[in-house]
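Below is entry-v5.pdb, holding PDB, C-alpha atoms.
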```pdb
ATOM      1  CA  MET G   1     -34.684  86.211  69.918
ATOM      2  CA  ILE G   2     -38.391  85.344  69.765
ATOM      3  CA  GLY G   3     -40.533  88.367  70.636
ATOM      4  CA  THR G   4     -37.940  90.941  69.543
ATOM      5  CA  GLU G   5     -39.643  93.786  67.685
ATOM      6  CA  LEU G   6     -38.670  93.910  64.005
ATOM      7  CA  LYS G   7     -39.206  96.541  61.325
ATOM      8  CA  HIS G   8     -40.829  93.941  59.051
ATOM      9  CA  SER G   9     -42.609  90.831  60.330
ATOM     10  CA  GLY G  10     -45.441  88.859  58.770
ATOM     11  CA  PHE G  11     -46.827  86.081  56.600
ATOM     12  CA  VAL G  12     -46.689  86.259  52.808
ATOM     13  CA  SER G  13     -48.571  83.633  50.805
ATOM     14  CA  ILE G  14     -47.431  82.602  47.324
ATOM     15  CA  ILE G  15     -50.481  81.970  45.134
ATOM     16  CA  GLY G  16     -50.881  80.996  41.488
ATOM     17  CA  ALA G  17     -51.644  78.327  38.926
ATOM     18  CA  PRO G  18     -49.489  75.169  38.697
ATOM     19  CA  ASN G  19     -45.926  75.584  37.379
ATOM     20  CA  ALA G  20     -45.840  79.361  37.868
ATOM     21  CA  GLY G  21     -42.545  78.969  39.752
ATOM     22  CA  LYS G  22     -43.717  79.490  43.332
ATOM     23  CA  SER G  23     -41.625  76.738  44.914
ATOM     24  CA  THR G  24     -38.577  77.611  42.825
ATOM     25  CA  PHE G  25     -38.808  81.193  44.102
ATOM     26  CA  MET G  26     -38.925  80.184  47.755
ATOM     27  CA  ASN G  27     -36.037  77.749  47.421
ATOM     28  CA  LYS G  28     -33.959  80.396  45.625
ATOM     29  CA  LEU G  29     -34.683  83.090  48.202
ATOM     30  CA  LEU G  30     -33.809  80.836  51.147
ATOM     31  CA  ASN G  31     -30.906  79.183  49.317
ATOM     32  CA  THR G  32     -32.077  75.730  50.325
ATOM     33  CA  LYS G  33     -34.677  73.164  49.262
ATOM     34  CA  ILE G  34     -37.789  73.821  51.324
ATOM     35  CA  SER G  35     -40.321  72.872  48.636
ATOM     36  CA  ILE G  36     -39.830  70.097  46.118
ATOM     37  CA  VAL G  37     -39.730  71.171  42.475
ATOM     38  CA  THR G  38     -40.417  69.264  39.253
ATOM     39  CA  GLU G  39     -41.641  70.203  35.791
ATOM     40  CA  LYS G  40     -44.983  68.524  36.476
ATOM     41  CA  ALA G  41     -48.001  70.527  37.602
ATOM     42  CA  GLN G  42     -49.186  70.407  41.228
ATOM     43  CA  THR G  43     -46.039  68.890  42.683
ATOM     44  CA  THR G  44     -46.702  70.873  45.882
ATOM     45  CA  ARG G  45     -49.695  69.533  47.834
ATOM     46  CA  ASN G  46     -49.452  71.156  51.254
ATOM     47  CA  LYS G  47     -48.896  74.647  52.592
ATOM     48  CA  ILE G  48     -45.160  74.893  53.299
ATOM     49  CA  ASN G  49     -43.621  77.665  55.375
ATOM     50  CA  GLY G  50     -40.180  79.024  54.552
ATOM     51  CA  ILE G  51     -38.709  81.586  56.956
ATOM     52  CA  TYR G  52     -36.592  84.478  55.693
ATOM     53  CA  ASN G  53     -34.451  86.310  58.254
ATOM     54  CA  ASP G  54     -32.230  89.370  57.992
ATOM     55  CA  ALA G  55     -31.127  92.212  60.284
ATOM     56  CA  ASP G  56     -34.540  93.916  60.501
ATOM     57  CA  SER G  57     -37.008  91.351  59.127
ATOM     58  CA  GLN G  58     -38.579  87.960  59.571
ATOM     59  CA  ILE G  59     -40.884  87.034  56.713
ATOM     60  CA  ILE G  60     -42.722  83.709  56.659
ATOM     61  CA  PHE G  61     -43.370  82.714  53.053
ATOM     62  CA  VAL G  62     -46.194  80.220  52.583
ATOM     63  CA  ASP G  63     -45.746  78.123  49.449
ATOM     64  CA  THR G  64     -49.097  76.741  48.300
ATOM     65  CA  PRO G  65     -50.372  74.108  45.853
ATOM     66  CA  GLY G  66     -51.054  75.360  42.343
ATOM     67  CA  ILE G  67     -54.732  76.248  42.024
ATOM     68  CA  THR G  68     -56.737  74.482  39.311
ATOM     69  CA  PRO G  69     -60.441  74.291  38.386
ATOM     70  CA  THR G  70     -62.327  72.097  40.843
ATOM     71  CA  ASP G  71     -64.842  70.586  38.436
ATOM     72  CA  PHE G  72     -62.907  67.299  38.257
ATOM     73  CA  GLY G  73     -64.793  66.177  41.366
ATOM     74  CA  LYS G  74     -61.672  64.914  43.120
ATOM     75  CA  LEU G  75     -61.484  65.477  46.861
ATOM     76  CA  LEU G  76     -57.682  65.815  46.762
ATOM     77  CA  ASN G  77     -57.798  68.634  44.198
ATOM     78  CA  ASN G  78     -60.536  70.445  46.113
ATOM     79  CA  TRP G  79     -58.564  70.234  49.339
ATOM     80  CA  MET G  80     -55.403  71.584  47.689
ATOM     81  CA  ASN G  81     -57.308  74.561  46.278
ATOM     82  CA  ARG G  82     -58.845  75.285  49.670
ATOM     83  CA  TYR G  83     -55.393  75.047  51.263
ATOM     84  CA  SER G  84     -54.135  77.726  48.911
ATOM     85  CA  TYR G  85     -57.053  80.107  49.413
ATOM     86  CA  SER G  86     -56.990  79.653  53.191
ATOM     87  CA  ALA G  87     -53.283  80.602  53.187
ATOM     88  CA  ALA G  88     -54.136  83.792  51.306
ATOM     89  CA  LYS G  89     -56.913  84.624  53.746
ATOM     90  CA  GLU G  90     -54.570  84.272  56.743
ATOM     91  CA  SER G  91     -51.620  86.237  55.287
ATOM     92  CA  ASP G  92     -50.533  89.843  55.678
ATOM     93  CA  LEU G  93     -49.656  89.972  51.985
ATOM     94  CA  ILE G  94     -50.242  87.861  48.876
ATOM     95  CA  MET G  95     -47.875  87.370  45.969
ATOM     96  CA  PHE G  96     -49.798  86.323  42.869
ATOM     97  CA  PHE G  97     -47.468  84.480  40.484
ATOM     98  CA  THR G  98     -48.023  84.175  36.741
ATOM     99  CA  ASP G  99     -45.772  82.683  34.069
ATOM    100  CA  ALA G 100     -44.501  85.232  31.524
ATOM    101  CA  SER G 101     -43.232  82.511  29.196
ATOM    102  CA  ILE G 102     -46.727  81.235  28.317
ATOM    103  CA  GLN G 103     -48.551  84.561  28.236
ATOM    104  CA  HIS G 104     -50.203  86.014  25.141
ATOM    105  CA  PRO G 105     -51.176  89.484  26.412
ATOM    106  CA  GLU G 106     -53.135  90.272  23.259
ATOM    107  CA  LYS G 107     -55.519  87.444  24.244
ATOM    108  CA  GLY G 108     -55.878  88.699  27.804
ATOM    109  CA  PRO G 109     -54.981  87.000  31.110
ATOM    110  CA  LEU G 110     -54.922  83.222  31.368
ATOM    111  CA  GLU G 111     -58.314  81.722  32.183
ATOM    112  CA  ASP G 112     -57.120  79.978  35.358
ATOM    113  CA  ASP G 113     -55.480  83.213  36.546
ATOM    114  CA  ILE G 114     -58.746  85.123  36.113
ATOM    115  CA  ALA G 115     -60.556  82.552  38.276
ATOM    116  CA  ILE G 116     -57.900  82.783  40.994
ATOM    117  CA  LEU G 117     -57.931  86.586  41.045
ATOM    118  CA  LYS G 118     -61.712  86.553  41.338
ATOM    119  CA  ASN G 119     -61.332  84.626  44.594
ATOM    120  CA  LEU G 120     -58.726  87.105  45.871
ATOM    121  CA  LYS G 121     -60.986  90.133  45.388
ATOM    122  CA  THR G 122     -61.635  90.475  49.117
ATOM    123  CA  HIS G 123     -57.921  90.819  49.909
ATOM    124  CA  ALA G 124     -56.519  94.334  49.469
ATOM    125  CA  SER G 125     -52.798  93.544  49.575
ATOM    126  CA  VAL G 126     -51.774  91.575  46.490
ATOM    127  CA  ILE G 127     -48.517  91.940  44.569
ATOM    128  CA  LEU G 128     -48.335  90.781  40.956
ATOM    129  CA  VAL G 129     -45.209  88.721  40.295
ATOM    130  CA  VAL G 130     -44.544  88.022  36.621
ATOM    131  CA  ASN G 131     -42.106  85.116  36.734
ATOM    132  CA  LYS G 132     -39.806  83.482  34.167
ATOM    133  CA  LYS G 133     -38.714  86.776  32.625
ATOM    134  CA  ASP G 134     -35.584  84.949  31.460
ATOM    135  CA  LEU G 135     -37.790  82.952  29.062
ATOM    136  CA  ALA G 136     -39.797  85.883  27.691
ATOM    137  CA  LYS G 137     -39.005  89.084  25.822
ATOM    138  CA  ASP G 138     -39.066  92.352  27.779
ATOM    139  CA  MET G 139     -42.055  93.590  25.751
ATOM    140  CA  ARG G 140     -44.021  90.440  26.614
ATOM    141  CA  VAL G 141     -43.286  90.930  30.313
ATOM    142  CA  ALA G 142     -44.322  94.613  30.213
ATOM    143  CA  ASP G 143     -47.507  93.781  28.275
ATOM    144  CA  THR G 144     -48.386  91.056  30.789
ATOM    145  CA  ILE G 145     -48.091  93.499  33.692
ATOM    146  CA  ASN G 146     -50.256  96.015  31.817
ATOM    147  CA  VAL G 147     -52.984  93.496  30.954
ATOM    148  CA  TYR G 148     -53.193  91.993  34.448
ATOM    149  CA  SER G 149     -53.226  95.411  36.093
ATOM    150  CA  LYS G 150     -56.428  96.194  34.197
ATOM    151  CA  ILE G 151     -58.355  93.350  35.824
ATOM    152  CA  TYR G 152     -57.018  93.605  39.381
ATOM    153  CA  ASP G 153     -55.884  96.481  41.574
ATOM    154  CA  PHE G 154     -52.468  95.170  42.601
ATOM    155  CA  LYS G 155     -50.473  97.025  45.242
ATOM    156  CA  GLU G 156     -47.369  96.725  43.057
ATOM    157  CA  SER G 157     -46.018  94.671  40.150
ATOM    158  CA  VAL G 158     -42.574  93.077  39.821
ATOM    159  CA  SER G 159     -41.008  90.850  37.159
ATOM    160  CA  ILE G 160     -38.499  88.187  38.222
ATOM    161  CA  SER G 161     -36.767  84.988  37.241
ATOM    162  CA  ALA G 162     -37.032  82.587  40.150
ATOM    163  CA  GLU G 163     -34.633  80.270  38.317
ATOM    164  CA  THR G 164     -31.769  82.778  37.946
ATOM    165  CA  GLY G 165     -32.617  85.071  40.879
ATOM    166  CA  ASP G 166     -33.000  88.149  38.669
ATOM    167  CA  GLY G 167     -35.405  90.638  40.281
ATOM    168  CA  ILE G 168     -35.721  88.781  43.594
ATOM    169  CA  ASN G 169     -33.975  91.513  45.610
ATOM    170  CA  GLU G 170     -36.338  94.108  44.138
ATOM    171  CA  LEU G 171     -39.304  91.895  44.992
ATOM    172  CA  LEU G 172     -38.027  91.455  48.539
ATOM    173  CA  ASN G 173     -37.866  95.232  48.988
ATOM    174  CA  VAL G 174     -41.419  95.563  47.686
ATOM    175  CA  ILE G 175     -42.575  92.916  50.165
ATOM    176  CA  LYS G 176     -40.889  94.678  53.064
ATOM    177  CA  ASN G 177     -42.592  97.936  52.122
ATOM    178  CA  ASN G 178     -45.977  96.232  52.333
ATOM    179  CA  ILE G 179     -45.835  94.304  55.589
ATOM    180  CA  PRO G 180     -45.985  95.816  59.087
ATOM    181  CA  SER G 181     -43.554  95.809  61.966
ATOM    182  CA  GLY G 182     -43.977  93.069  64.527
ATOM    183  CA  PRO G 183     -42.303  90.523  66.795
ATOM    184  CA  MET G 184     -39.913  87.763  65.745
ATOM    185  CA  LEU G 185     -42.071  84.633  65.653
ATOM    186  CA  PHE G 186     -39.435  81.945  65.083
ATOM    187  CA  PRO G 187     -35.846  81.529  66.297
ATOM    188  CA  GLU G 188     -33.262  83.385  64.221
ATOM    189  CA  GLY G 189     -31.676  81.048  61.668
ATOM    190  CA  MET G 190     -34.708  78.732  61.444
ATOM    191  CA  ILE G 191     -35.679  78.356  57.778
ATOM    192  CA  SER G 192     -38.809  76.202  58.043
ATOM    193  CA  ASP G 193     -41.285  75.102  60.670
ATOM    194  CA  GLN G 194     -41.935  71.802  58.934
ATOM    195  CA  PRO G 195     -40.956  68.678  60.913
ATOM    196  CA  GLU G 196     -38.126  66.543  59.558
ATOM    197  CA  GLU G 197     -40.568  63.726  58.786
ATOM    198  CA  PHE G 198     -42.498  65.989  56.439
ATOM    199  CA  MET G 199     -39.330  66.951  54.558
ATOM    200  CA  VAL G 200     -38.453  63.256  54.254
ATOM    201  CA  SER G 201     -41.829  62.330  52.775
ATOM    202  CA  GLU G 202     -41.661  65.231  50.312
ATOM    203  CA  ILE G 203     -38.203  64.251  49.047
ATOM    204  CA  VAL G 204     -39.321  60.663  48.391
ATOM    205  CA  ARG G 205     -42.375  62.000  46.561
ATOM    206  CA  GLU G 206     -40.165  64.282  44.478
ATOM    207  CA  LYS G 207     -38.090  61.305  43.292
ATOM    208  CA  ILE G 208     -41.275  59.527  42.209
ATOM    209  CA  PHE G 209     -42.332  62.616  40.225
ATOM    210  CA  LEU G 210     -38.930  62.723  38.525
ATOM    211  CA  GLU G 211     -38.953  59.034  37.557
ATOM    212  CA  PHE G 212     -42.528  58.630  36.314
ATOM    213  CA  ARG G 213     -44.842  60.402  33.888
ATOM    214  CA  GLN G 214     -48.600  60.913  33.858
ATOM    215  CA  GLU G 215     -50.589  58.796  36.301
ATOM    216  CA  ILE G 216     -48.119  57.371  38.830
ATOM    217  CA  PRO G 217     -46.869  60.571  40.541
ATOM    218  CA  TYR G 218     -50.394  61.855  41.132
ATOM    219  CA  SER G 219     -51.595  58.513  42.460
ATOM    220  CA  THR G 220     -48.965  58.257  45.192
ATOM    221  CA  ALA G 221     -48.554  59.621  48.693
ATOM    222  CA  VAL G 222     -45.758  59.031  51.182
ATOM    223  CA  THR G 223     -45.865  58.531  54.944
ATOM    224  CA  VAL G 224     -42.942  58.100  57.336
ATOM    225  CA  GLU G 225     -43.318  55.118  59.680
ATOM    226  CA  ARG G 226     -39.880  55.350  61.291
ATOM    227  CA  PHE G 227     -37.602  58.328  61.752
ATOM    228  CA  GLU G 228     -34.763  57.831  64.222
ATOM    229  CA  ASN G 229     -31.827  60.220  64.269
ATOM    230  CA  ASN G 230     -29.226  58.315  66.268
ATOM    231  CA  ARG G 231     -26.759  61.058  67.099
ATOM    232  CA  GLN G 232     -24.459  58.725  69.007
ATOM    233  CA  LYS G 233     -23.980  56.417  66.018
ATOM    234  CA  LYS G 234     -24.252  59.337  63.566
ATOM    235  CA  ILE G 235     -26.853  57.534  61.487
ATOM    236  CA  VAL G 236     -30.497  58.233  60.603
ATOM    237  CA  TYR G 237     -32.939  55.333  60.251
ATOM    238  CA  ILE G 238     -35.898  56.043  57.953
ATOM    239  CA  ASN G 239     -38.779  53.772  56.900
ATOM    240  CA  CYS G 240     -41.264  55.207  54.383
ATOM    241  CA  VAL G 241     -44.458  53.801  52.924
ATOM    242  CA  ILE G 242     -45.454  54.819  49.399
ATOM    243  CA  HIS G 243     -49.237  54.615  49.097
ATOM    244  CA  VAL G 244     -50.713  53.876  45.669
ATOM    245  CA  SER G 245     -54.324  53.530  44.569
ATOM    246  CA  ARG G 246     -54.126  50.333  42.482
ATOM    247  CA  ASP G 247     -52.237  47.021  42.409
ATOM    248  CA  SER G 248     -50.821  47.753  38.941
ATOM    249  CA  GLN G 249     -49.217  50.948  40.254
ATOM    250  CA  LYS G 250     -47.505  48.997  43.008
ATOM    251  CA  GLY G 251     -45.858  46.768  40.440
ATOM    252  CA  MET G 252     -44.657  49.728  38.394
ATOM    253  CA  LEU G 253     -43.196  51.480  41.428
ATOM    254  CA  ILE G 254     -41.316  48.402  42.564
ATOM    255  CA  GLY G 255     -40.135  47.582  39.035
ATOM    256  CA  LYS G 256     -38.593  44.398  37.709
ATOM    257  CA  GLY G 257     -36.540  42.800  40.428
ATOM    258  CA  GLY G 258     -37.201  45.836  42.663
ATOM    259  CA  LYS G 259     -34.954  48.020  40.485
ATOM    260  CA  MET G 260     -37.252  51.062  40.296
ATOM    261  CA  LEU G 261     -37.858  51.208  44.055
ATOM    262  CA  GLU G 262     -34.129  50.807  44.562
ATOM    263  CA  LYS G 263     -33.450  53.737  42.224
ATOM    264  CA  ILE G 264     -35.956  55.993  43.993
ATOM    265  CA  GLY G 265     -34.412  55.058  47.329
ATOM    266  CA  LYS G 266     -30.884  55.732  46.099
ATOM    267  CA  TYR G 267     -31.595  59.303  44.989
ATOM    268  CA  ALA G 268     -33.748  60.053  48.045
ATOM    269  CA  ARG G 269     -30.996  58.804  50.350
ATOM    270  CA  LEU G 270     -28.434  61.103  48.697
ATOM    271  CA  ASP G 271     -30.669  64.099  49.467
ATOM    272  CA  PHE G 272     -31.230  62.901  53.034
ATOM    273  CA  GLU G 273     -27.509  62.586  53.695
ATOM    274  CA  LYS G 274     -27.008  66.175  52.511
ATOM    275  CA  LEU G 275     -29.921  67.338  54.652
ATOM    276  CA  PHE G 276     -28.893  65.554  57.854
ATOM    277  CA  GLU G 277     -25.134  65.552  57.201
ATOM    278  CA  ARG G 278     -24.740  61.921  58.207
ATOM    279  CA  LYS G 279     -25.289  58.384  56.933
ATOM    280  CA  VAL G 280     -28.896  57.394  56.275
ATOM    281  CA  LEU G 281     -30.347  53.879  56.298
ATOM    282  CA  LEU G 282     -33.524  54.100  54.200
ATOM    283  CA  LYS G 283     -36.178  51.441  53.652
ATOM    284  CA  LEU G 284     -39.083  51.974  51.242
ATOM    285  CA  PHE G 285     -42.294  49.955  51.137
ATOM    286  CA  VAL G 286     -45.244  50.170  48.726
ATOM    287  CA  ARG G 287     -48.796  49.737  49.978
ATOM    288  CA  VAL G 288     -52.084  49.771  48.049
ATOM    289  CA  GLU G 289     -54.733  52.121  49.483
ATOM    290  CA  LYS G 290     -57.661  51.960  47.071
ATOM    291  CA  ASN G 291     -58.497  55.462  45.776
ATOM    292  CA  TRP G 292     -56.799  57.139  48.757
ATOM    293  CA  PHE G 293     -57.193  60.564  47.110
ATOM    294  CA  GLU G 294     -60.998  60.332  47.357
ATOM    295  CA  LYS G 295     -61.147  59.361  51.037
ATOM    296  CA  GLU G 296     -60.936  61.964  53.767
ATOM    297  CA  LYS G 297     -59.557  59.490  56.311
ATOM    298  CA  LEU G 298     -56.646  58.586  54.049
ATOM    299  CA  LEU G 299     -55.948  62.201  53.123
ATOM    300  CA  LEU G 300     -55.578  62.939  56.822
ATOM    301  CA  LYS G 301     -53.342  59.882  57.159
ATOM    302  CA  VAL G 302     -50.913  61.076  54.488
ATOM    303  CA  GLY G 303     -50.520  64.521  56.030
ATOM    304  CA  PHE G 304     -53.395  66.765  54.976
ATOM    305  CA  GLU G 305     -54.821  69.040  57.648
ATOM    306  CA  LYS G 306     -58.464  69.784  58.235
ATOM    307  CA  ASP G 307     -58.098  72.906  60.354
ATOM    308  CA  PHE G 308     -59.062  75.370  57.662
ATOM    309  CA  ASP G 309     -62.417  76.774  56.591
ATOM    310  CA  TYR G 310     -62.564  78.395  53.185
ATOM    311  CA  LYS G 311     -65.117  78.368  50.393
ATOM    312  CA  GLU G 312     -64.430  79.757  46.939
ATOM    313  CA  ASN G 313     -66.505  82.717  45.809
TER     314      ASN G 313
END
```

For this file, write the structure as structure tokens.
Amino acid sequence: MIGTELKHSGFVSIIGAPNAGKSTFMNKLLNTKISIVTEKAQTTRNKINGIYNDADSQIIFVDTPGITPTDFGKLLNNWMNRYSYSAAKESDLIMFFTDASIQHPEKGPLEDDIAILKNLKTHASVILVVNKKDLAKDMRVADTINVYSKIYDFKESVSISAETGDGINELLNVIKNNIPSGPMLFPEGMISDQPEEFMVSEIVREKIFLEFRQEIPYSTAVTVERFENNRQKKIVYINCVIHVSRDSQKGMLIGKGGKMLEKIGKYARLDFEKLFERKVLLKLFVRVEKNWFEKEKLLLKVGFEKDFDYKEN
């Protein structure tokens, strides 16, 4: 019941460079797809809350976009970085994720990781999470923890495999030991505070990431123009618009004879029917919005917030 006092209650942000396994971890912990996951960097664009509940705890995990250098001059990239840092600033605890499988401890921490940790210096409660231990030797994992601990005063360090689940229970215990008691903030059993429309747009975007390489996935955004869950007929009506930045991208997304758009729709619909447990009638449209990722008005239109205030150090 909301307001019930719990032994552990708070917000935990998940911070790190792209492809460190942040979204995979949250999905594994909650045993459901809250954040979309692909092998491509910066699949996650928004802060996404996943809610973990057990007998004495409610922990709100905030999955964030992978942080990258901002010298590309792109408004979208800058906003995603600011999203991530603002989540850290507002949290009771930060989990800093790094990828053990690409580490070379003898060369020191990864350059992007150093830049991120520099911007976390003002936050006292940071846990180091060395992920993908299943892809690295034990010595490499231990060396990574040792090297990173020399450049940042972490509260604790844990190695895990978000893919297999190894080490996640240990990490959960560490988290509980580092967040305070407090009231239940969301109804018991609720696993995310994201609206259904947001989940729909993310799933469509995931299918685009899985079907295309390089430019196309990063040049698209998805908005939901119709979402009608007709409980009487047991059918969900969904209309989505895929925004692209150039005419040539529209042609590629639609494909010859509409085959590519049909394929994206097919796989998205399968996920929707699992999510809503009923038949889904999905319609996809492609619309050209010239350089949408450089225009604040369009970023707001495709779901980015502007209610944060954070500047990097």

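Going from CA of Glu296 in chain G to CA of Pro195 in chain G covers 22.3 Å.
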
Task: Target residues per the PyMOL selection byres ((chain G and resi 9) around 7), formatted as JSON, numbers by chain - done: {"G": [6, 7, 8, 10, 57, 58, 59, 179, 180, 181, 182, 183, 184]}

Task: Atomic separation - CA of Ile94 in chain G relative to CA of Asn131 in chain G, Å - done: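 We find that CA of Asn131 in chain G and CA of Ile94 in chain G lie 14.9 Å from each other.
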
Check what the PyMOL selection byres ((chain G and resi 220) around 7) selects in the file above and give those residues as a compact mmCIF listing (two decimals) with C-alpha atoms, in the coordinates of the input.
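The result, written out as result08.txt:
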```
# COMPACT_ATOMS: atom_id res chain seq x y z
CA ILE G 216 -48.12 57.37 38.83
CA PRO G 217 -46.87 60.57 40.54
CA TYR G 218 -50.39 61.86 41.13
CA SER G 219 -51.60 58.51 42.46
CA ALA G 221 -48.55 59.62 48.69
CA VAL G 222 -45.76 59.03 51.18
CA ILE G 242 -45.45 54.82 49.40
CA HIS G 243 -49.24 54.62 49.10
CA VAL G 244 -50.71 53.88 45.67
```

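Going from CA of Asn291 in chain G to CA of Ser245 in chain G covers 4.8 Å.
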
- [ ] Compile the contact shell of range 96-111 of chain G as a ChimeraX atom specification: residues with an atom at most 10 Å away, counting all atoms listed in the file, same-chain residues fewer than 2 positions apart removed.
- [x] /G:13-22,25,66,69,88,93-94,113-117,120,126-138,140-151,154,157-161

Preceding selection exported with C-alpha atoms as a compact mmCIF listing (two decimals), in the frame of the given file:
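Dumped everything to result-v6.txt:
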```
# COMPACT_ATOMS: atom_id res chain seq x y z
CA SER G 13 -48.57 83.63 50.80
CA ILE G 14 -47.43 82.60 47.32
CA ILE G 15 -50.48 81.97 45.13
CA GLY G 16 -50.88 81.00 41.49
CA ALA G 17 -51.64 78.33 38.93
CA PRO G 18 -49.49 75.17 38.70
CA ASN G 19 -45.93 75.58 37.38
CA ALA G 20 -45.84 79.36 37.87
CA GLY G 21 -42.54 78.97 39.75
CA LYS G 22 -43.72 79.49 43.33
CA PHE G 25 -38.81 81.19 44.10
CA GLY G 66 -51.05 75.36 42.34
CA PRO G 69 -60.44 74.29 38.39
CA ALA G 88 -54.14 83.79 51.31
CA LEU G 93 -49.66 89.97 51.98
CA ILE G 94 -50.24 87.86 48.88
CA ASP G 113 -55.48 83.21 36.55
CA ILE G 114 -58.75 85.12 36.11
CA ALA G 115 -60.56 82.55 38.28
CA ILE G 116 -57.90 82.78 40.99
CA LEU G 117 -57.93 86.59 41.04
CA LEU G 120 -58.73 87.10 45.87
CA VAL G 126 -51.77 91.58 46.49
CA ILE G 127 -48.52 91.94 44.57
CA LEU G 128 -48.34 90.78 40.96
CA VAL G 129 -45.21 88.72 40.30
CA VAL G 130 -44.54 88.02 36.62
CA ASN G 131 -42.11 85.12 36.73
CA LYS G 132 -39.81 83.48 34.17
CA LYS G 133 -38.71 86.78 32.62
CA ASP G 134 -35.58 84.95 31.46
CA LEU G 135 -37.79 82.95 29.06
CA ALA G 136 -39.80 85.88 27.69
CA LYS G 137 -39.01 89.08 25.82
CA ASP G 138 -39.07 92.35 27.78
CA ARG G 140 -44.02 90.44 26.61
CA VAL G 141 -43.29 90.93 30.31
CA ALA G 142 -44.32 94.61 30.21
CA ASP G 143 -47.51 93.78 28.28
CA THR G 144 -48.39 91.06 30.79
CA ILE G 145 -48.09 93.50 33.69
CA ASN G 146 -50.26 96.02 31.82
CA VAL G 147 -52.98 93.50 30.95
CA TYR G 148 -53.19 91.99 34.45
CA SER G 149 -53.23 95.41 36.09
CA LYS G 150 -56.43 96.19 34.20
CA ILE G 151 -58.36 93.35 35.82
CA PHE G 154 -52.47 95.17 42.60
CA SER G 157 -46.02 94.67 40.15
CA VAL G 158 -42.57 93.08 39.82
CA SER G 159 -41.01 90.85 37.16
CA ILE G 160 -38.50 88.19 38.22
CA SER G 161 -36.77 84.99 37.24
```

Open item on the list: Taking the file as I've supplied it (selection: the PyMOL selection byres ((chain G and resi 53) around 12)), which residues are included? Please answer as a PyMOL selection string.
Closed with: chain G and resi 1+6-10+29-31+50-52+54-61+172+176+184-192
